[in-house]
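Shown next: data.cif, containing mmCIF, C-alpha atoms.
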data_model
loop_
_atom_site.label_atom_id
_atom_site.label_comp_id
_atom_site.auth_asym_id
_atom_site.auth_seq_id
_atom_site.Cartn_x
_atom_site.Cartn_y
_atom_site.Cartn_z
CA MET Y 1 76.16 76.88 98.24
CA LYS Y 2 77.09 80.18 96.61
CA LYS Y 3 73.43 80.79 95.83
CA HIS Y 4 72.63 80.85 99.53
CA PHE Y 5 75.38 83.34 100.23
CA SER Y 6 74.27 85.53 97.34
CA LYS Y 7 70.78 85.50 98.87
CA ALA Y 8 72.43 86.62 102.11
CA GLY Y 9 74.08 89.48 100.21
CA PHE Y 10 70.68 90.76 99.10
CA VAL Y 11 69.31 90.33 102.63
CA ILE Y 12 72.22 92.43 103.93
CA VAL Y 13 71.28 95.17 101.47
CA ILE Y 14 67.64 95.13 102.56
CA ILE Y 15 68.61 95.30 106.24
CA ALA Y 16 71.11 98.09 105.50
CA PHE Y 17 68.27 100.28 104.22
CA PHE Y 18 66.98 100.48 107.78
CA LEU Y 19 70.34 101.71 109.11
CA PRO Y 20 71.78 105.25 108.78
CA PHE Y 21 72.42 105.95 105.10
CA ILE Y 22 73.15 109.67 105.10
CA VAL Y 23 74.62 111.85 107.85
CA VAL Y 24 74.46 115.66 107.62
CA LYS Y 25 76.86 117.59 109.85
CA CYS Y 26 77.75 121.22 110.49
CA SER Y 27 81.29 122.41 109.87
CA ASN Y 28 81.95 122.14 113.62
CA GLY Y 29 81.00 118.44 113.59
CA THR Y 30 77.52 118.74 115.09
CA GLU Y 31 75.20 116.18 113.57
CA LEU Y 32 72.08 117.75 112.08
CA VAL Y 33 70.33 114.87 110.34
CA ARG Y 34 70.81 111.12 110.21
CA ALA Y 35 68.54 109.39 107.71
CA SER Y 36 68.11 105.71 106.95
CA GLY Y 37 67.61 104.45 103.43
CA MET Y 38 63.91 103.96 104.10
CA GLN Y 39 63.61 107.51 105.41
CA ILE Y 40 65.18 108.75 102.19
CA ILE Y 41 62.71 106.70 100.14
CA THR Y 42 59.67 107.76 102.17
CA ARG Y 43 61.03 111.22 103.10
CA SER Y 44 60.02 110.73 106.72
CA ASN Y 45 61.85 112.72 109.41
CA LEU Y 46 63.98 114.69 106.97
CA VAL Y 47 64.55 118.41 107.29
CA ASP Y 48 64.06 119.18 103.59
CA ASP Y 49 61.01 117.26 102.40
CA GLY Y 50 61.25 118.52 98.81
CA ASN Y 51 57.89 120.31 99.03
CA SER Y 52 59.33 123.72 99.83
CA LYS Y 53 60.17 126.25 97.14
CA ASN Y 54 63.80 126.26 98.22
CA SER Y 55 64.34 122.54 97.81
CA SER Y 56 67.97 121.79 97.03
CA SER Y 57 67.14 119.49 94.10
CA GLU Y 58 65.01 122.23 92.50
CA LYS Y 59 67.73 124.86 92.95
CA SER Y 60 70.51 122.88 91.36
CA GLY Y 61 68.38 121.15 88.75
CA GLY Y 62 69.46 117.79 90.18
CA THR Y 63 67.37 114.68 90.35
CA ASN Y 64 65.70 113.33 93.40
CA PRO Y 65 67.88 111.00 95.55
CA ARG Y 66 64.65 109.35 96.67
CA ILE Y 67 64.29 107.81 93.19
CA PHE Y 68 67.84 106.42 93.25
CA SER Y 69 67.44 104.87 96.68
CA ALA Y 70 64.00 103.44 95.85
CA ILE Y 71 65.29 101.79 92.66
CA SER Y 72 68.26 100.39 94.55
CA PHE Y 73 66.00 98.96 97.26
CA LEU Y 74 63.67 97.45 94.67
CA CYS Y 75 66.66 95.89 92.90
CA ALA Y 76 67.71 94.23 96.17
CA LEU Y 77 64.18 92.93 96.74
CA GLY Y 78 63.91 91.76 93.15
CA GLY Y 79 67.28 90.03 93.28
CA LEU Y 80 66.29 88.16 96.41
CA VAL Y 81 62.91 87.15 94.97
CA PHE Y 82 64.43 85.94 91.69
CA LEU Y 83 66.92 83.75 93.55
CA PHE Y 84 64.00 81.96 95.22
CA LEU Y 85 62.14 81.38 91.96
CA ASN Y 86 62.53 78.23 89.93
CA ASN Y 87 63.53 80.09 86.78
CA LYS Y 88 66.28 79.03 84.40
CA ASN Y 89 67.82 82.54 84.24
CA ARG Y 90 67.28 83.54 87.85
CA GLU Y 91 70.98 83.96 88.65
CA LYS Y 92 71.55 86.15 85.60
CA ILE Y 93 68.55 88.34 86.39
CA ALA Y 94 69.59 88.65 90.04
CA PHE Y 95 73.12 89.57 88.95
CA VAL Y 96 71.84 92.34 86.66
CA LEU Y 97 69.56 93.63 89.42
CA GLY Y 98 72.52 93.66 91.80
CA ILE Y 99 74.65 95.68 89.38
CA VAL Y 100 71.82 98.14 88.72
CA GLY Y 101 71.15 98.50 92.46
CA LEU Y 102 74.83 99.12 93.14
CA PHE Y 103 75.06 101.83 90.50
CA PHE Y 104 71.92 103.56 91.73
CA LEU Y 105 73.33 103.62 95.28
CA ILE Y 106 76.46 105.32 93.97
CA PHE Y 107 74.37 107.75 91.90
CA MET Y 108 72.29 108.59 94.98
CA VAL Y 109 75.30 109.82 96.98
CA LEU Y 110 76.75 111.66 93.98
CA ASP Y 111 73.42 113.37 93.39
CA ILE Y 112 73.09 114.40 97.04
CA ASN Y 113 76.62 115.84 97.06
CA MET Y 114 76.05 117.72 93.79
CA SER Y 115 72.76 119.16 95.05
CA ILE Y 116 74.49 121.06 97.88
CA PRO Y 117 74.71 124.75 96.92
CA ALA Y 118 78.28 126.04 96.61
CA LYS Y 119 77.78 128.51 99.47
CA ALA Y 120 76.56 125.80 101.82
CA LYS Y 121 79.51 123.45 101.20
CA ASN Y 122 81.58 125.52 103.66
CA PHE Y 123 79.01 125.04 106.43
CA ILE Y 124 77.62 121.52 106.04
CA THR Y 125 78.93 118.14 105.00
CA ILE Y 126 76.83 115.25 103.81
CA SER Y 127 78.46 111.86 104.10
CA PRO Y 128 77.29 108.28 103.68
CA GLY Y 129 76.46 106.40 106.86
CA TYR Y 130 77.41 102.86 107.75
CA GLY Y 131 74.13 101.52 106.33
CA TYR Y 132 75.14 102.84 102.91
CA TYR Y 133 78.52 101.12 103.06
CA LEU Y 134 76.89 97.91 104.27
CA ALA Y 135 74.49 98.02 101.31
CA ILE Y 136 77.42 98.47 98.91
CA ILE Y 137 79.17 95.47 100.50
CA GLY Y 138 75.96 93.41 100.29
CA PHE Y 139 75.54 94.15 96.59
CA LEU Y 140 79.21 93.35 95.96
CA ILE Y 141 78.95 90.03 97.83
CA ALA Y 142 75.80 88.99 95.98
CA ASP Y 143 77.17 90.00 92.57
CA ALA Y 144 80.60 88.43 93.11
CA LEU Y 145 79.11 85.10 94.19
CA LEU Y 146 76.60 85.08 91.34
CA LEU Y 147 79.38 85.84 88.88
CA LEU Y 148 81.59 83.06 90.29
CA ASP Y 149 78.68 80.63 90.10
CA PHE Y 150 78.02 81.62 86.48
CA LEU Y 151 81.68 81.22 85.53
CA GLU Y 152 81.83 77.80 87.20
CA LYS Y 153 78.80 76.64 85.25
CA ARG Y 154 80.35 77.85 82.00
CA LYS Y 155 83.46 75.74 82.56
CA LYS Y 156 81.56 72.53 83.23
CA PRO Y 157 79.86 70.96 80.20
CA ASP Y 158 76.25 69.88 80.65
CA ILE Y 159 76.84 66.59 78.79
CA GLN Y 160 75.80 63.52 80.75
CA VAL Y 161 78.41 60.76 80.49
CA PRO Y 162 77.10 57.26 81.18
CA PRO Y 163 78.71 55.51 84.12
CA VAL Y 164 81.54 53.12 83.35
CA LEU Y 165 80.66 49.46 83.75
CA GLN Y 166 83.11 48.34 86.40
CA ASP Y 167 81.28 45.26 87.64
CA GLN Y 168 81.97 43.20 84.55
CA GLU Y 169 85.28 41.44 84.01
CA PRO Y 170 86.78 41.45 80.51
CA GLY Y 171 85.71 38.53 78.36
CA ILE Y 172 82.75 37.50 80.56
CA GLU Y 173 79.30 38.26 79.26
#
Write out the structure in this file as structure tokens.
Amino acid sequence: MKKHFSKAGFVIVIIAFFLPFIVVKCSNGTELVRASGMQIITRSNLVDDGNSKNSSSEKSGGTNPRIFSAISFLCALGGLVFLFLNNKNREKIAFVLGIVGLFFLIFMVLDINMSIPAKAKNFITISPGYGYYLAIIGFLIADALLLLDFLEKRKKPDIQVPPVLQDQEPGIE
């Protein structure tokens, strides 16, 4: 049963990538940009497409948040696919993919916040959107359920005990 809910956790992450991931606002609260996770990956409809000479990731020497979000999305897809496979280690692989995807989501937001020039921090704020938080929750659900399932399997021995013969009365053969 937990396997089905862990699959649902990965599905939640995949759906969350189509919801607002990043919201950029002015200091007066006016929203400038709202980008979904897929828009970050594909760089569609974003103000700074990274091709200009004044790209924020080039200025600060930071990495590209597109890479972090793409790896996180691929981890969610991979985790879901592995849970459908008939592989002996599918839960372990899906768990590792969930942890990696979770960390890359966190690194994405940290990288975006560190790439803001010091002078611009007084004028704009970049905050995670509800899609980002939903993706975090989805990864946490999937990983927690996979971990619980793994711990349950560790407690139970895999030894097959033959059924007790209850139909026979003592002394009758």
All residues 8 Å or closer to range 119-126 of chain Y, only C-alpha atoms, same chain fewer than 6 positions away omitted, as a CSV table (one decimal) with C-alpha atoms, in the coordinates of the input:
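Dumped to out.csv:
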chain,number,residue,atom,x,y,z
Y,22,ILE,CA,73.2,109.7,105.1
Y,23,VAL,CA,74.6,111.8,107.8
Y,24,VAL,CA,74.5,115.7,107.6
Y,25,LYS,CA,76.9,117.6,109.8
Y,26,CYS,CA,77.8,121.2,110.5
Y,27,SER,CA,81.3,122.4,109.9
Y,112,ILE,CA,73.1,114.4,97.0
Y,113,ASN,CA,76.6,115.8,97.1
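In this model, the gap between CA of Arg66 in chain Y and CA of Ile40 in chain Y comes to 5.6 Å.
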Each side padded by 4 Å, which centre and which edge lengths in Å (one decimal) define the axis-aligned box around the listed atoms of range 31-44 of chain Y? Give them as lines of an AutoDock Vina configuration file.
center_x = 67.4
center_y = 110.9
center_z = 106.9
size_x = 23.5
size_y = 21.8
size_z = 21.4
| Matched chain/residue IDs from the PyMOL selection byres ((chain Y and resi 79) around 10), as JSON, numbers by chain | {"Y": [6, 7, 9, 10, 11, 73, 74, 75, 76, 77, 78, 80, 81, 82, 83, 84, 90, 91, 92, 93, 94, 95, 96, 97, 98, 101, 139, 142, 143]}
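Note that the spacing between CA of Leu134 in chain Y and CA of Leu85 in chain Y amounts to 25.3 Å.
Of note, CA of Asp111 in chain Y and CA of Ser36 in chain Y are spaced 16.5 Å apart.
When all atoms listed in the file are used to measure the gap to Ala16 in chain Y, the shortest distance among Y:Val100, Y:Ile41, Y:Ile116, Y:Ala135 belongs to Y:Ala135.
Nearest residue to Val109 in chain Y among Y:Leu147, Y:Phe21, Y:Thr42, Y:Ala70 is Y:Phe21, counting all atoms listed in the file.
Compared by their closest atoms to Ser72 in chain Y, and using only C-alpha atoms, the residues Y:Tyr130, Y:Ile136, Y:Pro117, Y:Gly29 rank with Y:Ile136 nearest.
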